[in-house]
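What's in query34.csv: CSV, C-alpha atoms
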```csv
chain,number,residue,atom,x,y,z
A,1,MET,CA,-132.0,105.6,-35.3
A,2,ALA,CA,-134.6,103.2,-34.1
A,3,SER,CA,-133.6,99.6,-33.8
A,4,VAL,CA,-134.5,96.5,-31.8
A,5,GLU,CA,-131.9,94.3,-30.1
A,6,VAL,CA,-132.5,90.9,-28.6
A,7,ASP,CA,-129.8,89.0,-26.9
A,8,GLN,CA,-130.1,85.2,-26.2
A,9,PHE,CA,-127.6,82.7,-24.7
A,10,LEU,CA,-127.8,79.2,-26.3
A,11,PRO,CA,-126.0,76.2,-24.7
A,12,GLN,CA,-125.2,74.9,-28.2
A,13,PRO,CA,-122.0,75.8,-30.0
A,14,PRO,CA,-122.1,78.4,-32.9
A,15,GLY,CA,-122.0,75.7,-35.5
A,16,ARG,CA,-125.2,74.2,-34.3
A,17,VAL,CA,-126.9,77.6,-34.0
A,18,TRP,CA,-125.7,78.5,-37.4
A,19,GLN,CA,-127.4,75.4,-38.8
A,20,ALA,CA,-130.7,76.4,-37.2
A,21,LEU,CA,-130.4,79.8,-38.8
A,22,THR,CA,-129.5,78.7,-42.3
A,23,ASP,CA,-131.3,75.4,-42.9
A,24,PRO,CA,-134.7,76.5,-44.4
A,25,VAL,CA,-136.5,73.6,-42.7
A,26,LEU,CA,-135.1,74.4,-39.2
A,27,LEU,CA,-135.6,78.1,-39.8
A,28,ALA,CA,-139.3,77.5,-40.5
A,29,ARG,CA,-139.6,75.7,-37.2
A,30,TRP,CA,-138.5,78.6,-35.0
A,31,LEU,CA,-139.2,81.6,-37.3
A,32,MET,CA,-141.5,81.3,-40.3
A,33,PRO,CA,-142.1,79.3,-43.4
A,34,ASN,CA,-139.7,80.4,-46.1
A,35,ASP,CA,-137.8,79.7,-49.3
A,36,PHE,CA,-134.4,80.8,-47.8
A,37,LYS,CA,-131.1,79.6,-49.3
A,38,PRO,CA,-127.8,80.4,-47.6
A,39,VAL,CA,-126.5,82.3,-50.7
A,40,VAL,CA,-125.6,86.0,-50.7
A,41,GLY,CA,-128.0,87.8,-53.0
A,42,HIS,CA,-130.7,85.1,-52.8
A,43,ALA,CA,-134.2,86.8,-52.6
A,44,PHE,CA,-136.8,84.9,-50.6
A,45,THR,CA,-139.9,85.5,-48.5
A,46,PHE,CA,-141.2,84.6,-45.1
A,47,ARG,CA,-144.9,84.0,-44.8
A,48,THR,CA,-147.1,84.4,-41.8
A,49,GLU,CA,-150.4,85.7,-40.5
A,50,PRO,CA,-151.4,89.2,-41.8
A,51,VAL,CA,-151.5,92.0,-39.2
A,52,PRO,CA,-154.0,94.5,-40.7
A,53,ARG,CA,-153.5,97.0,-37.8
A,54,HIS,CA,-150.0,97.5,-39.1
A,55,GLY,CA,-150.9,97.3,-42.8
A,56,PHE,CA,-149.0,94.0,-42.9
A,57,ASP,CA,-150.2,91.4,-45.5
A,58,GLY,CA,-148.3,88.5,-44.0
A,59,VAL,CA,-145.4,88.4,-46.5
A,60,VAL,CA,-141.9,89.6,-45.6
A,61,HIS,CA,-139.6,90.1,-48.6
A,62,CYS,CA,-136.0,89.4,-47.9
A,63,GLN,CA,-132.6,89.2,-49.5
A,64,VAL,CA,-129.5,87.6,-48.1
A,65,LEU,CA,-127.0,90.5,-47.6
A,66,ASP,CA,-124.1,88.9,-45.6
A,67,LEU,CA,-123.1,85.4,-44.6
A,68,GLU,CA,-120.0,84.8,-42.5
A,69,PRO,CA,-120.4,81.3,-41.1
A,70,PRO,CA,-120.7,80.7,-38.2
A,71,GLN,CA,-120.7,84.3,-36.9
A,72,LEU,CA,-122.9,86.7,-38.9
A,73,MET,CA,-126.0,86.5,-41.1
A,74,ARG,CA,-127.7,89.7,-42.4
A,75,ILE,CA,-130.8,89.9,-44.4
A,76,SER,CA,-133.0,92.7,-45.7
A,77,TRP,CA,-136.5,92.6,-44.2
A,78,ARG,CA,-139.2,94.4,-46.2
A,79,SER,CA,-143.0,94.5,-46.0
A,80,ARG,CA,-145.5,97.1,-47.0
A,81,ASN,CA,-144.6,99.6,-44.3
A,82,LEU,CA,-141.0,98.6,-43.6
A,83,ASP,CA,-137.7,98.6,-45.3
A,84,THR,CA,-135.3,97.2,-42.6
A,85,VAL,CA,-132.4,94.9,-42.0
A,86,VAL,CA,-132.1,92.0,-39.6
A,87,SER,CA,-128.7,90.7,-38.4
A,88,TRP,CA,-127.8,87.7,-36.3
A,89,PHE,CA,-124.4,87.9,-34.6
A,90,LEU,CA,-123.1,84.6,-33.1
A,91,SER,CA,-120.1,84.5,-30.7
A,92,PRO,CA,-118.8,81.6,-28.7
A,93,GLU,CA,-119.4,81.9,-24.9
A,94,GLY,CA,-118.1,79.0,-22.9
A,95,THR,CA,-119.3,75.9,-24.7
A,96,GLY,CA,-122.4,77.8,-25.9
A,97,THR,CA,-123.3,80.7,-28.1
A,98,ARG,CA,-124.2,84.3,-27.5
A,99,LEU,CA,-126.8,85.2,-30.1
A,100,LEU,CA,-127.5,88.9,-30.7
A,101,ILE,CA,-130.4,89.7,-33.1
A,102,THR,CA,-130.7,93.3,-34.3
A,103,HIS,CA,-133.4,94.7,-36.4
A,104,ASP,CA,-132.4,98.1,-37.8
A,105,GLY,CA,-133.7,100.9,-40.0
A,106,PHE,CA,-137.2,101.6,-38.6
A,107,ASP,CA,-136.8,105.4,-39.1
A,108,ASP,CA,-135.5,105.3,-42.6
A,109,THR,CA,-138.5,103.6,-44.0
A,110,ASP,CA,-142.0,104.8,-44.7
A,111,PRO,CA,-143.1,108.4,-44.1
A,112,GLY,CA,-145.5,107.4,-41.4
A,113,GLN,CA,-143.0,105.6,-39.4
A,114,ARG,CA,-140.5,108.4,-39.8
A,115,THR,CA,-143.2,110.9,-38.8
A,116,VAL,CA,-144.0,109.1,-35.6
A,117,MET,CA,-140.3,108.7,-34.7
A,118,GLY,CA,-140.0,112.4,-35.4
A,119,ILE,CA,-142.9,113.1,-33.1
A,120,LEU,CA,-141.6,110.9,-30.3
A,121,GLY,CA,-138.0,112.1,-30.8
A,122,GLY,CA,-139.1,115.7,-30.7
A,123,GLY,CA,-138.2,116.2,-34.3
A,124,TRP,CA,-141.6,117.5,-35.2
A,125,ARG,CA,-141.9,121.0,-33.8
A,126,GLY,CA,-145.2,122.1,-32.6
A,127,HIS,CA,-148.0,121.5,-30.1
A,128,LEU,CA,-148.2,117.8,-30.7
A,129,VAL,CA,-144.7,117.1,-29.6
A,130,GLN,CA,-145.3,118.8,-26.2
A,131,ARG,CA,-148.8,117.5,-25.8
A,132,LEU,CA,-148.6,113.9,-27.2
A,133,GLY,CA,-148.0,112.4,-23.8
A,134,THR,CA,-150.9,114.2,-22.2
A,135,LEU,CA,-153.2,113.6,-25.2
A,136,LEU,CA,-152.5,109.9,-25.0
A,137,ASP,CA,-153.1,109.9,-21.2
A,138,GLU,CA,-156.4,111.8,-21.7
A,139,GLY,CA,-157.4,109.3,-24.4
A,140,GLY,CA,-156.9,106.3,-22.1
A,141,ALA,CA,-155.3,103.1,-23.2
B,1,MET,CA,-162.9,95.5,-40.7
B,2,PRO,CA,-159.7,97.4,-40.1
B,3,GLY,CA,-160.0,101.2,-40.8
B,4,PRO,CA,-157.8,103.1,-43.2
B,5,ASP,CA,-154.1,102.9,-42.2
B,6,VAL,CA,-152.9,105.5,-39.8
B,7,PHE,CA,-149.5,105.3,-41.6
B,8,ASP,CA,-151.2,106.5,-44.8
B,9,ALA,CA,-153.0,109.2,-42.9
B,10,ILE,CA,-149.9,110.7,-41.5
B,11,ALA,CA,-147.8,110.2,-44.6
B,12,SER,CA,-149.0,113.6,-46.0
B,13,PRO,CA,-147.2,116.8,-44.8
B,14,VAL,CA,-150.5,118.7,-45.0
B,15,ARG,CA,-152.3,116.2,-42.7
B,16,ARG,CA,-149.4,116.2,-40.3
B,17,ALA,CA,-149.6,120.0,-40.2
B,18,LEU,CA,-153.4,119.7,-39.6
B,19,LEU,CA,-152.8,117.3,-36.7
B,20,ASP,CA,-150.3,119.7,-35.3
B,21,VAL,CA,-152.8,122.6,-35.3
B,22,LEU,CA,-155.5,120.3,-33.8
B,23,ALA,CA,-153.1,119.4,-31.0
B,24,GLY,CA,-153.7,123.0,-29.8
B,25,GLY,CA,-157.4,122.4,-29.5
B,26,ALA,CA,-160.6,121.8,-31.6
B,27,ARG,CA,-160.9,123.9,-34.8
B,28,SER,CA,-163.5,124.6,-37.5
B,29,VAL,CA,-162.7,123.8,-41.1
B,30,HIS,CA,-162.6,127.5,-41.7
B,31,ASP,CA,-159.9,128.0,-39.0
B,32,LEU,CA,-158.0,125.0,-40.3
B,33,ALA,CA,-158.0,126.2,-43.9
B,34,ALA,CA,-156.8,129.7,-43.2
B,35,PRO,CA,-153.1,129.1,-42.5
B,36,PHE,CA,-152.7,126.6,-45.4
B,37,GLU,CA,-153.9,128.7,-48.3
B,38,MET,CA,-156.0,125.8,-49.3
B,39,SER,CA,-159.7,125.7,-50.3
B,40,ARG,CA,-162.1,124.4,-47.7
B,41,PRO,CA,-163.0,121.4,-49.9
B,42,ALA,CA,-159.3,120.4,-50.1
B,43,VAL,CA,-159.0,120.7,-46.3
B,44,SER,CA,-162.2,118.7,-45.8
B,45,GLN,CA,-160.8,116.0,-48.0
B,46,HIS,CA,-157.7,115.7,-45.8
B,47,LEU,CA,-159.8,115.8,-42.6
B,48,ARG,CA,-161.9,112.9,-44.0
B,49,VAL,CA,-158.8,110.8,-44.3
B,50,LEU,CA,-157.7,111.7,-40.8
B,51,ARG,CA,-161.3,110.9,-39.5
B,52,ASP,CA,-161.4,107.6,-41.3
B,53,ALA,CA,-158.1,106.7,-39.7
B,54,GLY,CA,-159.5,107.6,-36.3
B,55,LEU,CA,-157.2,110.5,-35.7
B,56,VAL,CA,-159.8,113.2,-35.6
B,57,THR,CA,-163.4,113.3,-34.5
B,58,GLU,CA,-166.0,115.7,-35.9
B,59,GLU,CA,-168.8,117.5,-34.1
B,60,ARG,CA,-171.4,120.0,-35.1
B,61,VAL,CA,-171.3,123.3,-33.4
B,62,GLY,CA,-174.2,125.5,-34.6
B,63,ARG,CA,-173.7,125.7,-38.4
B,64,GLU,CA,-170.1,124.6,-38.3
B,65,ARG,CA,-168.2,121.4,-38.0
B,66,HIS,CA,-165.5,121.3,-35.5
B,67,TYR,CA,-162.6,118.8,-35.6
B,68,ARG,CA,-160.8,117.4,-32.6
B,69,LEU,CA,-157.6,115.4,-32.4
B,70,ASP,CA,-157.8,111.8,-31.1
B,71,ALA,CA,-154.1,110.8,-30.7
B,72,ARG,CA,-154.8,107.2,-29.6
B,73,PRO,CA,-154.1,105.6,-33.1
B,74,LEU,CA,-150.6,107.1,-32.9
B,75,ARG,CA,-150.0,104.8,-30.0
B,76,ALA,CA,-150.3,101.8,-32.3
B,77,VAL,CA,-147.8,103.3,-34.6
B,78,SER,CA,-145.3,104.1,-31.9
B,79,ASP,CA,-145.6,100.5,-30.6
B,80,TRP,CA,-144.0,99.4,-33.9
B,81,THR,CA,-140.5,98.7,-32.4
B,82,ALA,CA,-142.1,97.3,-29.3
B,83,HIS,CA,-144.0,94.9,-31.5
B,84,TYR,CA,-140.8,93.7,-33.1
B,85,GLU,CA,-138.9,93.5,-29.8
B,86,GLN,CA,-141.6,91.1,-28.6
B,87,PHE,CA,-141.5,89.2,-31.9
B,88,TRP,CA,-137.8,88.6,-31.7
B,89,ARG,CA,-137.9,87.6,-28.1
B,90,ARG,CA,-140.6,85.1,-28.8
B,91,HIS,CA,-138.7,83.6,-31.7
B,92,ALA,CA,-135.3,83.6,-29.9
B,93,ARG,CA,-137.1,81.5,-27.3
B,94,LEU,CA,-138.5,79.2,-30.0
B,95,LEU,CA,-135.0,78.8,-31.4
B,96,ARG,CA,-133.7,77.8,-27.9
B,97,GLU,CA,-136.5,75.3,-27.5
B,98,LEU,CA,-135.9,73.8,-31.0
B,99,LEU,CA,-132.1,73.3,-30.2
B,100,GLU,CA,-133.0,71.7,-26.8
B,101,GLU,CA,-135.5,69.4,-28.6
B,102,GLU,CA,-132.8,68.3,-31.0
B,103,ASP,CA,-130.4,67.6,-28.2
B,104,SER,CA,-132.8,65.3,-26.4
```
Please rewrite the model in this file as structure tokens.
Amino acid sequence: MASVEVDQFLPQPPGRVWQALTDPVLLARWLMPNDFKPVVGHAFTFRTEPVPRHGFDGVVHCQVLDLEPPQLMRISWRSRNLDTVVSWFLSPEGTGTRLLITHDGFDDTDPGQRTVMGILGGGWRGHLVQRLGTLLDEGGA
Amino acid sequence: MPGPDVFDAIASPVRRALLDVLAGGARSVHDLAAPFEMSRPAVSQHLRVLRDAGLVTEERVGRERHYRLDARPLRAVSDWTAHYEQFWRRHARLLRELLEEEDS
């Protein structure tokens, strides 16, 4: 199961951090322009620069899955090649907040991504599994 | 112009199997077609997709074309989670800066 986890301490209390996550204007200032609303089931998009190398057209399609102020927000995160989930966990730490961002589901998505995870995880039996490292080294960066 | 998507190229089980065979060394279309019970034109069609995605290179050897694996584009795909890790680190930092700004 491939996921990304990023941990960040913030000196502000969870209530303040929650506001920055769930106010669309503030959210746009640290993440991306959006039409987010803090309502479970609300479908919205983030818009950013396209990344053609990853087949990304610059639009992330999302839906609010969970809202538990001020400790958890979870949204679906979909683009052409991705069908993933992003969660923000907030917990008080001293007078500040420990924020954990997780981005899950990279291997349950498009066949290409699953394939590469399979290759790298050894799930794809054959020459390529054994030789991928060498092949990449031979090919240079 | 970006080339055809490497994700699309490896989405097909036949093309993944072709890559797997090519990982063992360069092959002719004839050699590649044999284990797949496919016509040579059908195999050539798949090889064209792989070539356009930069995953195989083609060379003429006498009367035959030989195909060779170039695994480099797979690196871009395997960097997917690394890409998002960077993305979230960058934005977590921006969040921190935004909250600091509001404090001041």
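Straight-line separation from atom CA of B:Leu32 to atom CA of B:Arg15: 10.8 Å.
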Practice item. Tell me, as a ChimeraX atom specification, which residues lie within 10 Å of B:Glu64, counting only C-alpha atoms; anything in the same chain fewer than 5 positions away does not count. Key: /B:27-30,59
Can those selected residues be exported to a file as a PDB file, keeping the file's coordinate frame so that it contains C-alpha atoms?
```
ATOM      1  CA  ARG B  27    -160.900 123.900 -34.800  1.00  0.00           C
ATOM      2  CA  SER B  28    -163.500 124.600 -37.500  1.00  0.00           C
ATOM      3  CA  VAL B  29    -162.700 123.800 -41.100  1.00  0.00           C
ATOM      4  CA  HIS B  30    -162.600 127.500 -41.700  1.00  0.00           C
ATOM      5  CA  GLU B  59    -168.800 117.500 -34.100  1.00  0.00           C
TER       6      GLU B  59
END
```
Check your understanding: So which residues are close to (-161.3, 111.2, -44.7), meaning at most 12 Å away in the file's coordinates with all atoms listed in the file counted, and can you show them as a PyMOL selection string?
Key -> chain B and resi 3-6+8-10+15+41-58+67
Practice item. Find the residues around A:Thr102 up to 10 Å (only C-alpha atoms counted), leave out those fewer than 3 positions away in its own chain, and share them as JSON, numbers by chain. Key: {"A": [3, 4, 5, 6, 7, 74, 85, 86, 87, 88, 89, 99, 105], "B": [85, 88]}
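Residues in contact with A:Gly94 at up to 12 Å, not including ones fewer than 6 positions away on its chain and judged by all atoms listed in the file, are Phe9, Leu10, Pro11, Gln12, Pro13 and Pro14 of chain A.
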Practice item. May I have the residues of chain B within 9 Å of chain A, counting all atoms listed in the file, written as number ranges by chain? Key: B: 1-3, 5-12, 16, 19-24, 69-72, 74-78, 80-82, 84-85, 88-89, 91-100, 103
Review point. Separation of atom CA of A:Asp83 and atom CA of A:Asp35, in Å?
Key: 19.3 Å
Exercise for review: Could you give me, as JSON, numbers by chain, the residues within 9 Å of stretch 39-44 of chain A, counting only C-alpha atoms and dropping anything in the same chain fewer than 2 positions from it?
Suggested key: {"A": [34, 35, 36, 37, 46, 60, 61, 62, 63, 64, 65, 66, 67]}
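Atom CA of B:Glu37 is found 23.6 Å from atom CA of B:Arg60.
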